[in-house]
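The structure under discussion appears below in the form of structure tokens.
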There are 2 protein chains.
Amino acid sequence: MADMRDVARAARVSISTVSHVLNSTRFVSPELRQRVLDAAESLQYSHNAVARSLRTRRTQTIGLVIPDVTNPFYPEVARGVLDVADQAGYTAVLCNSDRDPAKEIRLLQALARRRVDGIILSPSGADPALLAALERFSTPVVLLGSRLECPECDVVRTSPRGAFEPVRHLGALGHRRIGLIGGAQPGHDHPDKFTGYAAALDALGIPLDPALVVAGDFTQESGRRCMLALLAVADPPTAVFAGNDLMAIGALLGIREAGLKAPDDVSVVGFDDIPQASITTPRLTTVAMPKYAMGRTAAELLLDRLDGRRSERASVELPHSLVIRESTGPPPARPRAVSTGQDNSDRGSGGDQAPVPTNGGEPAR
Amino acid sequence: MADMRDVARAARVSISTVSHVLNSTRFVSPELRQRVLDAAESLQYSHNAVARSLRTRRTQTIGLVIPDVTNPFYPEVARGVLDVADQAGYTAVLCNSDRDPAKEIRLLQALARRRVDGIILSPSGADPALLAALERFSTPVVLLGSRLECPECDVVRTSPRGAFEPVRHLGALGHRRIGLIGGAQPGHDHPDKFTGYAAALDALGIPLDPALVVAGDFTQESGRRCMLALLAVADPPTAVFAGNDLMAIGALLGIREAGLKAPDDVSVVGFDDIPQASITTPRLTTVAMPKYAMGRTAAELLLDRLDGRRSERASVELPHSLVIRESTGPPPARPRAVSTGQDNSDRGSGGDQAPVPTNGGEPAR
DNA sequence: CTGTTAGCGCTTTCAA
DNA sequence: TTGAAAGCGCTAACAG
């Protein structure tokens with residue numbers, strides 16, 4: 001494959017002239033310039049970015065580390081970062097961490113060896129080892145949707161109120177028995193669903209009943225099981241807030257399975273607003289996270305720093321919004337009645353792993 | 001940042017010894033070896049992959065070009081390639097082509113400049129310019145789900161029968177008026193939905209009625225509009241095959257909007273089996289594409305070639321499967337009746353852009 | 001306005 | 001068993 005020397009030779013100019021016309025980095029007479037361009041063209045010259053990177057110490061590449069592309073939350077985030085990266089002439093390396101802190105650290109190091117200019121990381125939790133690795137890390141990092149306290153990192157988050165509003169919405173509808181299908185892994189992302197839930201109950205003057213707080217693992221199946229467990233409680237909830245849409249969809253399934261109907265018997269609110277949320281029956285009321293904007297913003301923050309447009313640490317909080325669809329409504333007239341008249345004595349079966357009450361469940365996607 | 005010279009100095013050995021112990025590329029006495037390792041450790045040495053790549057002419061990086069990560073078909077594909085890449089010590093650069101052939105070509109060239117070792121491309125169509133670009137391309141390419149005739153490229157496809165079986169299924173259920181919601185862009189992926197549709201009708205002894213073939217653009221909204229258009233036809237279909245699940249979901253919406261019910265009044269089959277397909281009401285009967293396996297296989301093919309385990313051109317066809325859920329059933333007793341008794345005179349409104357009949361619609365994802 | 005040249009940090013002969 | 005040294009292809013002083 002032709003290199004700059006070949007082009008220089010063919011154009012009868014020096015190699016540095018070639019470099020300069022190709023990079024528009026200093027004035028070159030139109031004549032030589034054209035000769036260079038022609039030579040490059042006819043030799044099918046392909047500018048070697050590896051050599052350039054070695055010389056300039058910049059790869060024009062960023063790393064993007066997310067838990068899993070397959071999780072419906074992330075494609076839009078990725079799209080956001082890819083769009084701004086592409087636009088700015090950067091290329092992005094995508095990695096799945098599978099929520100494994102050890103793998104996260106390995107990936108960060110691998111990216112550093114590849115000399116990516118910067119990294120966008122959506123951390124799976126508040127792992128101390130990760131934090132430590134981040135400290136002695138010279139590559140710029142922006143954290144996405146994490147409450148990790150990294151003094152060097154830029155951060156993009158959403159408001160912790162994201163978990164407050166859906167519960168308040170439920171309260172405003174008249175619900176007093178409101179359950180939470182949260183998560184077990186501590187230390188993950190903002191907003192902290194349990195905290196928001198508790199704060200909202202408090203604001204509504206409803207005492208928190210630990211029996212109504214169960215922990216799932218953010219899969220649809222766990223949502224189903226948790227819902228069934230909540231329905232089996234002595235004085236079951238008339239509404240439920242799930243930590244993410246996948247679990248909320250599972251809850252919808254559980255409700256149907258118990259012979260009940262949403263929202264008539266039980267209201268459900270989710271979180272994230274993934275594509276699935278708008279095609280369930282009933283369509284899911286949920287908190288829409290600004291996924292695409294999160295990705296874009298993270299990338300903008302990173303590139304601003306890389307391209308020297310900023311040097312102080314930045315932290316931006318993006319707005320969420322409660323999108324009210326049909327899975328929420330007023331509580332049934334007789335609060336704890338099985339109002340369909342159907343027998344639902346079989347509820348609680350079907351799930352082998354019983355969900356476990358938790359007092360401080362925190363969200364993970 | 002410390003480089004090999006620093007490590008060599010600290011360990012009191014030559015640079016080449018450092019290189020050899022770090023790469024296990026020739027025997028080094030345990031003593032020196034340990035000294036090198038210790039020095040590297042204490043200097044926090046990070047092996048510079050850029051310099052290495054310049055020297056070895058291999059980047060251990062592959063490019064992955066897909067239409068759009070946000071399209072629910074692709075995350076699993078991406079996951080497949082990332083998994084095998086990661087496993088083999090490769091890193092992947094992800095790019096969205098937005099189905100723009102010009103952008104596809106730009107991306108290919110950008111990846112080539114970055115000297116990726118190989119590229120996995122899911123082309124948006126049979127663009128001649130793309131094909132030409134592919135011809136004079138020295139980087140190995142594997143094509144994913146395309147019928148593009150590239151003599152140099154490895155290929156992973158699925159069977160064209162994927163579009164035959166769902167229509168046959170509909171026929172077996174007793175349907176005679178079967179519509180197709182296809183696509184307008186010619187030349188995209190295997191299996192060719194129109195061809196399969198036509199072949200299946202032929203096998204069923206049903207004449208093809210052009211009035212029942214409409215073209216969408218593979219979005220949910222277009223599926224809705226197409227469905228409404230089909231219902232407005234003189235002798236409307238009792239079943240519909242949609243070129244992808246998104247349009248099939250739209251069709252379900254259109255059916256409901258017309259005051260009808262699936263599958264009682266109209267059966268619907270989709271294609272792809274995206275996550276959404278299993279949570280609609282009714283759940284969607286569809287053709288499951290081996291998305292993850294497609295990604296894995298493409299990556300395996302590529303890496304086998306890159307790592308010298310193969311040199312002949314390869315082409316593999318992966319199996320699909322018809323997954324029958326609740327959106328398909330026997331046709332209504334009175335074929336063309338509006339059996340719900342509801343008035344559906346408002347059908348056809350709501351969509352501003354009328355779908356257009358097509359005689360040779362071909363699929364795009 | 002253009003050319004010469006010294007590296008960027010590594011791998012890999014070739015020699016000892 | 002180890003080391004010296006020649007590049008990989010490019011950028012950016014520096015010199016003219």
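Here's how to read the names in the structure tokens: chain A, B, ... by the order shown, residue numbers from 1 in each chain, ligand numbers from 1 in the order shown.
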Restrict the distance test to only C-alpha atoms (C1' of nucleotides), flag each residue of chain A within 12 Å of chain C, and return the flagged residues as a PDB file with C-alpha atoms, in the first residue's frame.
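Wrote iface-v2.pdb, looks like this:
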```pdb
ATOM      1  CA  ALA A   8       5.998  12.551  -2.534  1.00  0.00           C
ATOM      2  CA  ARG A  12       8.102  15.350  -7.083  1.00  0.00           C
ATOM      3  CA  VAL A  13       7.872  17.167  -3.794  1.00  0.00           C
ATOM      4  CA  SER A  14       9.126  16.496  -0.313  1.00  0.00           C
ATOM      5  CA  ILE A  15       7.385  14.254   2.062  1.00  0.00           C
ATOM      6  CA  SER A  16       6.618  17.133   4.350  1.00  0.00           C
ATOM      7  CA  THR A  17       4.846  18.978   1.601  1.00  0.00           C
ATOM      8  CA  VAL A  18       2.652  15.960   1.146  1.00  0.00           C
ATOM      9  CA  HIS A  20       1.073  19.536   4.836  1.00  0.00           C
ATOM     10  CA  VAL A  21      -1.290  19.465   1.919  1.00  0.00           C
ATOM     11  CA  ARG A  26       0.544  25.134   6.097  1.00  0.00           C
ATOM     12  CA  PHE A  27       0.295  27.002   2.868  1.00  0.00           C
ATOM     13  CA  VAL A  28       1.401  25.153  -0.233  1.00  0.00           C
ATOM     14  CA  SER A  29       1.344  26.670  -3.691  1.00  0.00           C
ATOM     15  CA  PRO A  30      -1.700  25.649  -5.675  1.00  0.00           C
ATOM     16  CA  GLU A  31       0.516  23.963  -8.189  1.00  0.00           C
ATOM     17  CA  LEU A  32       2.326  21.633  -5.836  1.00  0.00           C
ATOM     18  CA  ARG A  33      -0.840  21.117  -3.930  1.00  0.00           C
ATOM     19  CA  VAL A  50      -1.782   4.457  13.135  1.00  0.00           C
ATOM     20  CA  ALA A  51       1.447   6.166  12.199  1.00  0.00           C
ATOM     21  CA  ARG A  52      -0.138   9.514  12.647  1.00  0.00           C
ATOM     22  CA  SER A  53      -1.379   8.566  16.083  1.00  0.00           C
ATOM     23  CA  LEU A  54       2.014   7.387  17.137  1.00  0.00           C
ATOM     24  CA  ARG A  55       3.434  10.705  16.164  1.00  0.00           C
ATOM     25  CA  THR A  56       0.692  12.980  17.455  1.00  0.00           C
ATOM     26  CA  ARG A  57      -0.250  10.933  20.485  1.00  0.00           C
ATOM     27  CA  ARG A  58      -3.899  11.216  19.605  1.00  0.00           C
TER      28      ARG A  58
END
```
Taking only C-alpha atoms into account, produce a table as a tab-separated table in which each residue of chain A with an atom at most 6 Å from an atom of chain B appears once, together with its shortest atom pair and the distance in Å to one decimal, ordered by chain and rising number.
```
residue	atom	partner	partner_atom	distance
A:Ser46	CA	B:Arg113	CA	5.8
A:His47	CA	B:Arg113	CA	5.7
A:Asn48	CA	B:Arg113	CA	5.3
A:Ala49	CA	B:Arg114	CA	4.9
A:Val50	CA	B:Leu54	CA	5.9
A:Ala51	CA	B:Leu54	CA	5.9
A:Leu54	CA	B:Ala51	CA	5.9
A:Val69	CA	B:Pro75	CA	5.6
A:Thr70	CA	B:Pro75	CA	5.1
A:Pro75	CA	B:Thr70	CA	5.1
A:Glu76	CA	B:Thr70	CA	5.7
A:Ala92	CA	B:Val93	CA	5.5
A:Val93	CA	B:Val93	CA	4.3
A:Arg113	CA	B:Asn48	CA	5.3
A:Arg114	CA	B:Ala49	CA	5.0
A:Gln276	CA	B:Gln276	CA	5.6
A:Thr280	CA	B:Thr280	CA	5.5
```
How close does each residue of chain D get to chain B, giving the shortest atom pair and distance in Å to one decimal for every residue with an atom at most 8 Å away, counting only C-alpha atoms (C1' of nucleotides), sorted by chain and residue number, as JSON lines?
```
{"residue": "D:DT1", "atom": "C1'", "partner": "B:Val28", "partner_atom": "CA", "distance": 6.9}
{"residue": "D:DT2", "atom": "C1'", "partner": "B:Thr17", "partner_atom": "CA", "distance": 7.2}
{"residue": "D:DG3", "atom": "C1'", "partner": "B:Ser14", "partner_atom": "CA", "distance": 6.1}
{"residue": "D:DC8", "atom": "C1'", "partner": "B:Arg55", "partner_atom": "CA", "distance": 4.4}
{"residue": "D:DG9", "atom": "C1'", "partner": "B:Leu54", "partner_atom": "CA", "distance": 7.7}
```
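Atom pair CA of Asp217 (chain A) / CA of Ala102 (chain A): separated by 19.6 Å.
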